[in-house]
$ cat entry-v2.txt   # compact mmCIF, C-alpha atoms and all ligand atoms
# COMPACT_ATOMS: atom_id res chain seq x y z
CA MET A 1 13.86 -27.14 -32.48
CA ARG A 2 17.36 -28.17 -33.26
CA LEU A 3 19.17 -30.48 -30.87
CA HIS A 4 22.84 -30.29 -30.06
CA GLU A 5 25.09 -32.97 -31.47
CA TYR A 6 25.57 -34.57 -28.05
CA GLN A 7 21.80 -34.66 -27.46
CA ALA A 8 21.07 -36.16 -30.87
CA LYS A 9 23.82 -38.70 -30.33
CA GLN A 10 22.28 -39.83 -27.05
CA ILE A 11 19.03 -40.50 -28.88
CA PHE A 12 20.71 -42.20 -31.86
CA SER A 13 22.67 -44.37 -29.47
CA LYS A 14 19.58 -45.33 -27.48
CA TYR A 15 18.10 -46.65 -30.72
CA GLY A 16 21.20 -48.69 -31.51
CA ILE A 17 23.28 -46.48 -33.80
CA ARG A 18 26.89 -46.67 -32.66
CA ILE A 19 28.65 -43.56 -31.43
CA ALA A 20 32.07 -42.99 -29.92
CA ARG A 21 32.35 -42.70 -26.13
CA GLY A 22 32.04 -39.13 -24.98
CA GLU A 23 30.75 -36.67 -22.42
CA LEU A 24 29.75 -33.04 -22.29
CA ALA A 25 32.03 -30.53 -20.56
CA THR A 26 31.26 -27.00 -19.48
CA SER A 27 34.59 -26.26 -17.79
CA ILE A 28 38.30 -26.92 -18.26
CA GLU A 29 38.29 -29.22 -15.21
CA GLU A 30 35.59 -31.34 -16.81
CA VAL A 31 37.46 -31.48 -20.10
CA GLU A 32 40.54 -32.68 -18.20
CA ARG A 33 38.66 -35.39 -16.30
CA ILE A 34 36.81 -36.67 -19.39
CA ALA A 35 39.91 -36.62 -21.59
CA LYS A 36 41.72 -38.64 -18.90
CA GLU A 37 38.90 -41.17 -18.74
CA LEU A 38 38.93 -41.52 -22.51
CA GLY A 39 42.66 -42.09 -22.66
CA GLY A 40 43.85 -38.68 -23.87
CA ARG A 41 43.26 -38.98 -27.60
CA VAL A 42 40.05 -37.01 -28.01
CA MET A 43 38.02 -34.76 -30.28
CA LEU A 44 36.88 -31.45 -28.79
CA LYS A 45 33.59 -30.54 -30.38
CA SER A 46 32.00 -27.18 -29.67
CA GLN A 47 28.27 -27.54 -29.05
CA VAL A 48 26.80 -24.65 -30.98
CA LEU A 49 23.69 -24.95 -33.09
CA VAL A 50 25.30 -24.37 -36.48
CA GLY A 51 26.67 -26.62 -39.17
CA GLY A 52 30.19 -26.57 -40.55
CA ARG A 53 31.84 -26.23 -37.17
CA GLY A 54 34.88 -28.09 -38.43
CA LYS A 55 35.77 -25.47 -41.02
CA ALA A 56 34.98 -22.65 -38.60
CA GLY A 57 37.44 -23.92 -35.98
CA GLY A 58 34.82 -25.48 -33.72
CA ILE A 59 36.23 -29.03 -33.90
CA LYS A 60 39.73 -29.77 -32.60
CA LYS A 61 41.85 -32.88 -32.16
CA ALA A 62 43.96 -33.55 -29.10
CA TYR A 63 46.48 -36.36 -28.67
CA SER A 64 46.97 -36.03 -24.91
CA VAL A 65 45.15 -34.78 -21.82
CA GLU A 66 47.45 -31.73 -21.71
CA GLU A 67 46.72 -30.90 -25.33
CA ALA A 68 42.99 -31.34 -24.72
CA VAL A 69 43.12 -28.89 -21.80
CA GLU A 70 45.16 -26.42 -23.82
CA LYS A 71 42.85 -26.56 -26.84
CA ALA A 72 39.71 -26.40 -24.69
CA LYS A 73 41.05 -23.21 -23.07
CA GLU A 74 41.35 -21.71 -26.53
CA MET A 75 37.93 -22.95 -27.56
CA PHE A 76 35.73 -21.94 -24.62
CA GLY A 77 34.36 -18.45 -25.16
CA THR A 78 35.27 -18.22 -28.82
CA VAL A 79 32.55 -17.33 -31.29
CA ILE A 80 31.74 -19.91 -33.94
CA LYS A 81 29.53 -18.46 -36.66
CA GLY A 82 27.94 -16.05 -34.20
CA HIS A 83 27.55 -18.51 -31.33
CA VAL A 84 29.62 -18.40 -28.14
CA VAL A 85 31.14 -21.74 -27.18
CA GLU A 86 30.03 -22.63 -23.65
CA LYS A 87 29.89 -26.39 -23.99
CA ILE A 88 32.37 -28.81 -25.45
CA TYR A 89 31.57 -32.40 -26.23
CA VAL A 90 34.69 -34.42 -25.51
CA GLU A 91 34.73 -37.59 -27.55
CA GLU A 92 37.11 -40.46 -28.00
CA MET A 93 38.99 -40.01 -31.28
CA VAL A 94 38.14 -42.70 -33.80
CA GLU A 95 40.22 -43.88 -36.71
CA ILE A 96 38.40 -42.88 -39.85
CA GLU A 97 38.74 -45.14 -42.89
CA ARG A 98 35.97 -43.58 -44.86
CA GLU A 99 33.42 -40.79 -44.47
CA MET A 100 29.85 -41.19 -45.73
CA TYR A 101 26.54 -39.39 -45.47
CA ALA A 102 23.08 -40.55 -44.40
CA GLY A 103 20.16 -38.19 -43.97
CA LEU A 104 16.39 -37.97 -43.84
CA THR A 105 14.40 -34.82 -44.32
CA VAL A 106 10.77 -33.85 -44.76
CA ASP A 107 10.16 -33.28 -48.45
CA ARG A 108 7.14 -31.03 -48.83
CA THR A 109 6.97 -31.30 -52.60
CA SER A 110 6.47 -35.05 -52.56
CA LYS A 111 4.66 -35.00 -49.20
CA GLY A 112 7.06 -37.66 -48.06
CA ILE A 113 10.39 -38.12 -46.39
CA ALA A 114 13.46 -37.84 -48.58
CA ALA A 115 16.18 -40.35 -47.76
CA ILE A 116 19.61 -39.34 -48.97
CA LEU A 117 22.67 -41.54 -48.93
CA SER A 118 26.17 -40.86 -50.13
CA SER A 119 29.27 -43.02 -50.13
CA VAL A 120 31.28 -39.88 -49.45
CA GLY A 121 30.69 -37.46 -46.59
CA GLY A 122 32.15 -34.98 -44.14
CA MET A 123 31.44 -31.90 -46.23
CA ASP A 124 27.94 -30.46 -46.36
CA ILE A 125 25.38 -32.16 -48.55
CA GLU A 126 25.28 -29.39 -51.16
CA GLU A 127 29.01 -29.74 -51.62
CA ILE A 128 28.75 -33.53 -51.94
CA ALA A 129 26.05 -33.10 -54.57
CA ALA A 130 28.19 -30.64 -56.51
CA LYS A 131 31.49 -32.52 -56.28
CA HIS A 132 30.35 -36.14 -56.39
CA PRO A 133 26.92 -36.27 -58.01
CA GLU A 134 27.43 -39.94 -58.91
CA LYS A 135 28.01 -40.88 -55.26
CA ILE A 136 24.76 -39.52 -53.92
CA ALA A 137 21.33 -41.12 -54.10
CA LYS A 138 17.86 -40.09 -53.04
CA VAL A 139 14.54 -41.86 -52.67
CA THR A 140 11.23 -40.59 -51.36
CA ILE A 141 9.62 -42.54 -48.58
CA ASN A 142 5.85 -42.59 -48.38
CA PRO A 143 5.21 -42.27 -44.64
CA LYS A 144 2.19 -44.54 -45.02
CA TRP A 145 4.46 -47.50 -45.89
CA GLY A 146 7.83 -46.57 -44.49
CA LEU A 147 11.19 -47.45 -45.97
CA TRP A 148 11.00 -50.48 -48.28
CA ASP A 149 13.95 -52.81 -48.75
CA TYR A 150 14.00 -52.14 -52.50
CA GLN A 151 14.42 -48.45 -51.71
CA LEU A 152 17.38 -49.28 -49.49
CA ARG A 153 18.96 -51.27 -52.31
CA GLU A 154 18.34 -48.39 -54.70
CA LEU A 155 20.12 -46.03 -52.30
CA LEU A 156 23.07 -48.36 -51.82
CA ILE A 157 23.55 -49.05 -55.52
CA ASN A 158 22.97 -45.52 -56.75
CA SER A 159 25.34 -44.00 -54.20
CA GLU A 160 28.09 -46.45 -55.24
CA MET A 161 28.27 -47.67 -51.67
CA PRO A 162 30.96 -50.37 -51.32
CA LYS A 163 29.30 -53.75 -50.69
CA GLU A 164 31.13 -54.34 -47.40
CA TYR A 165 29.00 -51.56 -45.81
CA TRP A 166 25.60 -52.55 -47.21
CA ARG A 167 24.38 -54.44 -44.17
CA ASP A 168 25.36 -51.85 -41.61
CA VAL A 169 24.31 -48.86 -43.67
CA SER A 170 20.90 -50.47 -44.28
CA SER A 171 20.36 -51.09 -40.60
CA ILE A 172 21.46 -47.54 -39.72
CA LEU A 173 19.09 -46.04 -42.29
CA LYS A 174 16.19 -48.10 -40.95
CA THR A 175 16.98 -47.03 -37.40
CA LEU A 176 17.32 -43.40 -38.46
CA TYR A 177 13.92 -43.62 -40.14
CA GLY A 178 12.44 -45.01 -36.91
CA ILE A 179 13.89 -42.08 -34.97
CA MET A 180 12.59 -39.63 -37.56
CA VAL A 181 9.07 -40.98 -37.27
CA HIS A 182 9.05 -41.42 -33.51
CA TYR A 183 10.28 -37.91 -32.77
CA GLU A 184 8.38 -36.25 -35.64
CA ALA A 185 11.63 -34.80 -36.86
CA GLU A 186 12.13 -32.43 -39.77
CA LEU A 187 15.69 -33.63 -40.23
CA ALA A 188 17.75 -36.57 -39.01
CA GLU A 189 21.27 -36.66 -40.34
CA ILE A 190 24.59 -38.42 -39.82
CA ASN A 191 27.43 -36.54 -41.49
CA PRO A 192 29.90 -38.03 -41.47
CA LEU A 193 28.90 -41.60 -40.96
CA VAL A 194 32.34 -43.10 -40.60
CA ALA A 195 33.82 -46.49 -41.27
CA THR A 196 36.32 -47.40 -38.56
CA PRO A 197 38.29 -50.62 -38.01
CA ASP A 198 35.44 -51.71 -35.70
CA GLY A 199 32.50 -50.81 -37.85
CA LEU A 200 30.32 -47.84 -38.69
CA ILE A 201 29.96 -44.97 -36.25
CA ALA A 202 27.92 -41.77 -36.30
CA ALA A 203 30.71 -39.20 -35.97
CA ASP A 204 28.25 -36.33 -36.08
CA ALA A 205 24.50 -36.22 -35.47
CA ARG A 206 21.75 -33.80 -36.28
CA LEU A 207 18.13 -33.99 -35.24
CA ASN A 208 15.65 -31.18 -35.77
CA ILE A 209 12.21 -31.64 -34.26
CA ASP A 210 9.08 -30.04 -35.69
CA ASP A 211 8.18 -27.31 -33.17
CA SER A 212 4.48 -27.97 -33.67
CA ALA A 213 4.96 -31.57 -32.52
CA LEU A 214 7.03 -30.72 -29.45
CA PHE A 215 4.07 -30.92 -27.12
CA ARG A 216 4.01 -34.64 -27.78
CA HIS A 217 7.67 -34.93 -26.79
CA ARG A 218 7.95 -33.36 -23.37
CA ASP A 219 11.20 -35.20 -22.77
CA LEU A 220 12.79 -33.19 -25.58
CA GLU A 221 11.39 -29.87 -24.52
CA ALA A 222 13.65 -30.06 -21.49
CA LEU A 223 16.64 -30.21 -23.83
CA ARG A 224 15.80 -26.93 -25.49
CA ASP A 225 18.81 -24.66 -25.32
CA PHE A 226 17.68 -21.10 -24.81
CA THR A 227 21.16 -19.68 -24.58
CA GLU A 228 21.08 -20.31 -28.30
CA ALA A 229 17.70 -18.87 -29.21
CA ASP A 230 17.14 -15.15 -29.20
CA GLN A 231 16.13 -14.12 -25.69
CA THR A 232 13.22 -12.07 -27.01
CA GLU A 233 11.92 -15.08 -28.90
CA LYS A 234 12.16 -17.06 -25.69
CA VAL A 235 10.00 -14.53 -23.84
CA ALA A 236 7.54 -14.55 -26.74
CA MET A 237 7.31 -18.31 -26.69
CA GLU A 238 6.62 -18.30 -22.96
CA LYS A 239 3.83 -15.79 -23.48
CA GLY A 240 2.39 -17.76 -26.37
CA LEU A 241 3.08 -15.04 -28.93
CA ASN A 242 4.25 -15.88 -32.41
CA TYR A 243 7.32 -13.62 -32.72
CA VAL A 244 10.31 -13.69 -35.02
CA LYS A 245 12.98 -11.02 -34.77
CA LEU A 246 14.16 -9.43 -38.00
CA ASP A 247 16.73 -6.76 -38.65
CA GLY A 248 14.67 -3.75 -39.76
CA ASN A 249 13.42 -0.81 -37.67
CA ILE A 250 9.62 -0.92 -37.99
CA GLY A 251 7.90 -2.97 -35.32
CA VAL A 252 4.90 -4.93 -36.59
CA LEU A 253 1.96 -6.04 -34.50
CA ALA A 254 -0.90 -7.79 -36.27
CA ASN A 255 -3.58 -10.31 -35.48
CA GLY A 256 -3.30 -13.42 -37.59
CA ALA A 257 -0.22 -14.75 -39.36
CA GLY A 258 -1.61 -13.72 -42.76
CA MET A 259 -2.15 -10.16 -41.58
CA ALA A 260 1.36 -10.02 -40.16
CA MET A 261 2.85 -11.27 -43.44
CA ALA A 262 0.78 -8.86 -45.54
CA THR A 263 1.80 -5.99 -43.26
CA MET A 264 5.46 -6.86 -43.66
CA ASP A 265 5.07 -7.09 -47.45
CA LEU A 266 3.56 -3.61 -47.58
CA ILE A 267 6.37 -2.20 -45.47
CA TYR A 268 8.90 -3.66 -47.89
CA LEU A 269 6.90 -2.27 -50.83
CA GLU A 270 7.11 1.20 -49.34
CA GLY A 271 10.86 0.83 -49.03
CA GLY A 272 10.99 0.10 -45.29
CA LYS A 273 12.18 -2.90 -43.28
CA PRO A 274 10.19 -4.67 -40.57
CA ALA A 275 11.92 -5.26 -37.23
CA ASN A 276 9.91 -8.35 -36.52
CA PHE A 277 7.07 -10.64 -37.38
CA LEU A 278 4.47 -10.72 -34.62
CA ASP A 279 1.12 -12.42 -34.73
CA ILE A 280 -0.82 -11.85 -31.54
CA GLY A 281 -3.49 -14.36 -32.50
CA GLY A 282 -7.21 -13.83 -32.80
CA GLY A 283 -8.02 -11.43 -29.97
CA ALA A 284 -6.28 -8.25 -28.92
CA SER A 285 -6.79 -7.73 -25.20
CA SER A 286 -4.94 -4.84 -23.61
CA GLU A 287 -2.74 -7.30 -21.78
CA VAL A 288 -1.65 -9.06 -24.95
CA VAL A 289 -1.07 -5.75 -26.73
CA ARG A 290 0.96 -4.42 -23.80
CA GLU A 291 3.11 -7.53 -23.64
CA SER A 292 3.57 -7.40 -27.39
CA MET A 293 4.61 -3.74 -27.28
CA ASN A 294 7.11 -4.51 -24.53
CA LEU A 295 8.49 -7.32 -26.64
CA ILE A 296 8.79 -5.18 -29.76
CA LEU A 297 10.39 -2.31 -27.84
CA THR A 298 13.13 -4.48 -26.30
CA ASP A 299 14.60 -4.28 -29.80
CA LYS A 300 16.56 -1.04 -29.73
CA ASN A 301 16.45 -0.71 -33.52
CA VAL A 302 12.71 -0.11 -33.46
CA LYS A 303 11.89 3.48 -34.47
CA THR A 304 8.17 3.11 -34.96
CA VAL A 305 5.47 0.47 -34.54
CA PHE A 306 2.70 -0.35 -36.99
CA ILE A 307 -0.32 -1.97 -35.35
CA ASN A 308 -2.57 -3.57 -37.92
CA ILE A 309 -5.68 -5.17 -36.47
CA PHE A 310 -8.63 -6.69 -38.21
CA GLY A 311 -11.61 -7.12 -35.93
CA GLY A 312 -13.47 -10.26 -36.80
CA ILE A 313 -14.88 -12.00 -33.77
CA THR A 314 -13.11 -9.49 -31.55
CA ARG A 315 -14.79 -6.14 -32.13
CA CYS A 316 -12.74 -3.07 -33.00
CA ASP A 317 -14.17 -1.05 -30.11
CA ASP A 318 -12.99 -3.71 -27.66
CA VAL A 319 -9.60 -3.77 -29.33
CA ALA A 320 -9.46 0.03 -29.21
CA ARG A 321 -10.09 0.04 -25.45
CA GLY A 322 -7.28 -2.47 -25.09
CA LEU A 323 -4.96 -0.32 -27.19
CA VAL A 324 -5.78 2.82 -25.18
CA GLU A 325 -4.79 1.04 -22.00
CA ALA A 326 -1.69 -0.54 -23.45
CA LEU A 327 -0.36 2.52 -25.25
CA SER A 328 -0.99 5.23 -22.67
CA ASP A 329 2.64 5.39 -21.54
CA ILE A 330 4.40 4.58 -24.82
CA SER A 331 6.42 7.36 -26.43
CA VAL A 332 7.61 5.84 -29.73
CA PRO A 333 5.56 6.74 -32.79
CA VAL A 334 2.75 4.23 -33.29
CA VAL A 335 0.67 3.89 -36.45
CA ILE A 336 -2.67 2.19 -35.95
CA ARG A 337 -5.03 0.72 -38.47
CA LEU A 338 -8.23 -0.80 -37.19
CA ALA A 339 -10.72 -2.41 -39.53
CA GLY A 340 -13.55 -4.89 -39.38
CA THR A 341 -16.47 -5.31 -37.03
CA ASN A 342 -17.43 -2.02 -35.31
CA GLU A 343 -14.55 -0.20 -36.94
CA GLU A 344 -16.22 3.19 -36.69
CA GLU A 345 -16.62 2.95 -32.93
CA GLY A 346 -13.08 1.65 -32.65
CA ARG A 347 -11.60 4.50 -34.66
CA LYS A 348 -13.58 7.05 -32.67
CA ILE A 349 -12.08 5.78 -29.45
CA MET A 350 -8.61 5.84 -31.01
CA ARG A 351 -9.01 9.35 -32.41
CA GLU A 352 -10.08 10.55 -29.00
CA PHE A 353 -7.01 8.90 -27.52
CA ALA A 354 -4.70 10.34 -30.19
CA LYS A 355 -5.80 13.89 -29.40
CA GLY A 356 -2.97 15.66 -27.66
CA ARG A 357 -0.58 12.76 -28.29
CA LYS A 358 1.92 13.48 -30.98
CA ASN A 359 3.09 9.90 -31.34
CA ILE A 360 -0.20 8.20 -32.23
CA TYR A 361 -1.28 8.09 -35.87
CA ILE A 362 -4.63 6.63 -36.86
CA VAL A 363 -4.93 5.47 -40.46
CA GLU A 364 -7.73 3.83 -42.43
CA THR A 365 -5.96 1.49 -44.81
CA MET A 366 -2.98 -0.83 -44.60
CA GLU A 367 -1.26 0.98 -47.47
CA GLU A 368 -1.59 4.30 -45.72
CA GLY A 369 -0.31 2.74 -42.52
CA ALA A 370 2.73 1.19 -44.16
CA LYS A 371 3.57 4.47 -45.88
CA LYS A 372 3.28 6.41 -42.62
CA ALA A 373 5.35 3.89 -40.67
CA VAL A 374 8.12 3.93 -43.27
CA GLU A 375 8.10 7.74 -43.27
CA LEU A 376 8.33 7.85 -39.46
CA ALA A 377 11.17 5.33 -39.39
CA ARG A 378 13.35 7.43 -41.68
P1 LIG B 1 30.60 -30.20 -38.46
O1 LIG B 1 31.76 -29.57 -39.19
O2 LIG B 1 29.87 -29.20 -37.62
O3 LIG B 1 29.69 -30.95 -39.36
O4 LIG B 1 31.25 -31.22 -37.41
P2 LIG B 1 31.55 -32.79 -37.52
O5 LIG B 1 31.17 -33.41 -36.25
O6 LIG B 1 30.97 -33.36 -38.75
O7 LIG B 1 33.13 -32.85 -37.60
C1 LIG B 1 33.86 -32.32 -38.70
C2 LIG B 1 34.93 -33.29 -39.17
O8 LIG B 1 35.80 -33.62 -38.10
C3 LIG B 1 34.38 -34.63 -39.63
O9 LIG B 1 33.93 -34.62 -40.95
C4 LIG B 1 35.60 -35.51 -39.47
O10 LIG B 1 36.42 -35.43 -40.61
C5 LIG B 1 36.32 -34.91 -38.29
N1 LIG B 1 36.11 -35.77 -37.13
C6 LIG B 1 35.04 -35.80 -36.30
N2 LIG B 1 35.19 -36.75 -35.33
C7 LIG B 1 36.37 -37.35 -35.59
C8 LIG B 1 37.12 -38.42 -34.99
O11 LIG B 1 36.73 -39.04 -34.00
N3 LIG B 1 38.32 -38.76 -35.53
C9 LIG B 1 38.83 -38.10 -36.61
N4 LIG B 1 40.00 -38.47 -37.10
N5 LIG B 1 38.18 -37.09 -37.21
C10 LIG B 1 36.98 -36.72 -36.72
MN MN B 2 29.04 -32.85 -39.60

$ encode --input "entry-v2.txt" --output "structure tokens" --more "lines below"
Ligand code: GDP
Ligand code: MN
Amino acid sequence: MRLHEYQAKQIFSKYGIRIARGELATSIEEVERIAKELGGRVMLKSQVLVGGRGKAGGIKKAYSVEEAVEKAKEMFGTVIKGHVVEKIYVEEMVEIEREMYAGLTVDRTSKGIAAILSSVGGMDIEEIAAKHPEKIAKVTINPKWGLWDYQLRELLINSEMPKEYWRDVSSILKTLYGIMVHYEAELAEINPLVATPDGLIAADARLNIDDSALFRHRDLEALRDFTEADQTEKVAMEKGLNYVKLDGNIGVLANGAGMAMATMDLIYLEGGKPANFLDIGGGASSEVVRESMNLILTDKNVKTVFINIFGGITRCDDVARGLVEALSDISVPVVIRLAGTNEEEGRKIMREFAKGRKNIYIVETMEEGAKKAVELAR
């Protein structure tokens, strides 16, 4: 789960990282009031969950309340990298003397947390690395020990950080690490971290929380912005289904993440494109299958659905009865492969069901199923 800049800033600020004064606006009237309160010279920052808003026109400067209102009118409703601007964070403009970068991210290779510091910032980290490789430094933190002082010094020296910022940058990095650990984040980033006449300020903030840890952070769950996430994925999440929308036209329904992945691979191999990833979990009750079918079919690109179920603990005959109930009023072509415990009984029930229905295809192997689904989707 990715937080908005204004949400991440509230958290950073609570932990002691300095931010500029600001407030979220969802209407022109609010922009006007906040800009007035902040003295007129403000930044208008679209709150959309994408990076590089600046370059895409999602960050604007205003030198008066009137200009803020005018620019906010232009900004509300525009589309920044595919996201409609509905919220604008209005922030006091700060005088930037220097832009830097500070970030922490989970590093799977080293099974640690990578800390990255750069004495230049503002552009994205890949660009910094390409343009100023000598001004960027990285160390890996072992989560067992945390961030050592010698690692901080290594970061400061290797990023060619001017000495005048050492103290403040060190304290910010330590705080950021504390936030990262407390919230079980995947990414905590300040870009740019800016030097102003009154010290260092986080001019931008990013905090991505590990979805699997969210249940331990109920306070954050409330911040989740569903206007951003795909609506179908929202419904799936509420129903406890593991669904990811893709841009192909073959719906996929499988039990187990591995099965779903393998099914998608086979579809690609046969020259088709899956419309989604959907793992319905271990069982396959008629209710779950029906809800899953509804979910898949809300995607208007879907031409056919491939149901690939392996009966382990759930027996194929039980699954088949569930499928019969769930599919009785579905008209799109559906390819079904049932294997595993009691597969013969399961297939018998399905064959019976398929009689007289032109849209139900029973297959024996995954390969056959993928081939059929790709053929039907053409
Ligand atoms: P991003 O493009 O989505 O990463 O958005 P940022 O919040 O990083 O803003 C982009 C750029 O706008 C920053 O790199 C700064 O150069 C500039 N910027 C942001 N806030 C201020 C500010 O208060 N004063 C000034 N002068 N520039 C700012
Ligand atoms: Mn930024």

$ closest_residue --input "entry-v2.txt" --among "A:Ile136, A:Ala20, A:Ala205, A:Ile141" --to "Lys111 in chain A" --atoms "all atoms listed in the file"
A:Ile141

$ residues_around --input "entry-v2.txt" --residues "range 22-31 of chain A" --least-positions-apart "5" --cutoff "7 Å" --atoms "all atoms listed in the file" --output "list in words"
Val69, Ala72, Lys73, Glu86, Lys87, Ile88, Tyr89, Val90, Glu91 and Glu92 of chain A

$ closest_residue --input "entry-v2.txt" --among "A:Ile157, A:Leu176, A:Leu193, A:Ala35" --to "ligand LIG 1 (chain B)" --atoms "all atoms listed in the file"
A:Leu193

$ residues_near_ligand --input "entry-v2.txt" --ligand "ligand MN 2 (chain B)" --cutoff "8 Å" --atoms "only C-alpha atoms and all ligand atoms" --output "list in words"
Gly51, Gly52, Arg53, Gly54, Gly122, Met123, Asp124, Ile190, Asn191, Pro192, Ala203, Asp204 and Ala205 of chain A

$ residues_around --input "entry-v2.txt" --residues "range 350-367 of chain A" --least-positions-apart "2" --cutoff "6 Å" --atoms "all atoms listed in the file" --output "PyMOL selection string"
chain A and resi 333-337+347-348+369-370

$ closest_residue --input "entry-v2.txt" --among "A:Met100, A:Asp168, A:Lys9, A:Ala114" --to "Lys135 in chain A" --atoms "only C-alpha atoms"
A:Met100

$ atom_distance --input "entry-v2.txt" --atom1 "CA of Ser119 in chain A" --atom2 "atom C2 of ligand LIG 1 (chain B)"
15.7 Å

$ residues_around --input "entry-v2.txt" --residues "Arg378 in chain A" --least-positions-apart "3" --cutoff "10 Å" --atoms "only C-alpha atoms" --output "PyMOL selection string"
chain A and resi 249-250+272+303-304+373-375

$ atom_distance --input "entry-v2.txt" --atom1 "CA of Tyr268 in chain A" --atom2 "CA of Tyr243 in chain A"
18.2 Å

$ residues_near_point --input "entry-v2.txt" --point "(4.0, -3.4, -25.0)" --cutoff "12 Å" --atoms "all atoms listed in the file" --output "PyMOL selection string"
chain A and resi 236+251-253+280+285-299+305+307+322-332+334

$ closest_residue --input "entry-v2.txt" --among "A:Lys371, A:Val319, A:Ser110, A:Gln47" --to "Thr263 in chain A" --atoms "all atoms listed in the file"
A:Lys371

$ atom_distance --input "entry-v2.txt" --atom1 "atom O2 of ligand LIG 1 (chain B)" --atom2 "CA of Gly58 in chain A"
7.3 Å

$ closest_residue --input "entry-v2.txt" --among "A:Gly39, A:Gly121, A:Gly256, A:Gly16" --to "ligand LIG 1 (chain B)" --atoms "only C-alpha atoms and all ligand atoms"
A:Gly121

$ closest_residue --input "entry-v2.txt" --among "A:Asp149, A:Glu37, A:Glu97, A:Glu66" --to "Asp198 in chain A" --atoms "all atoms listed in the file"
A:Glu97
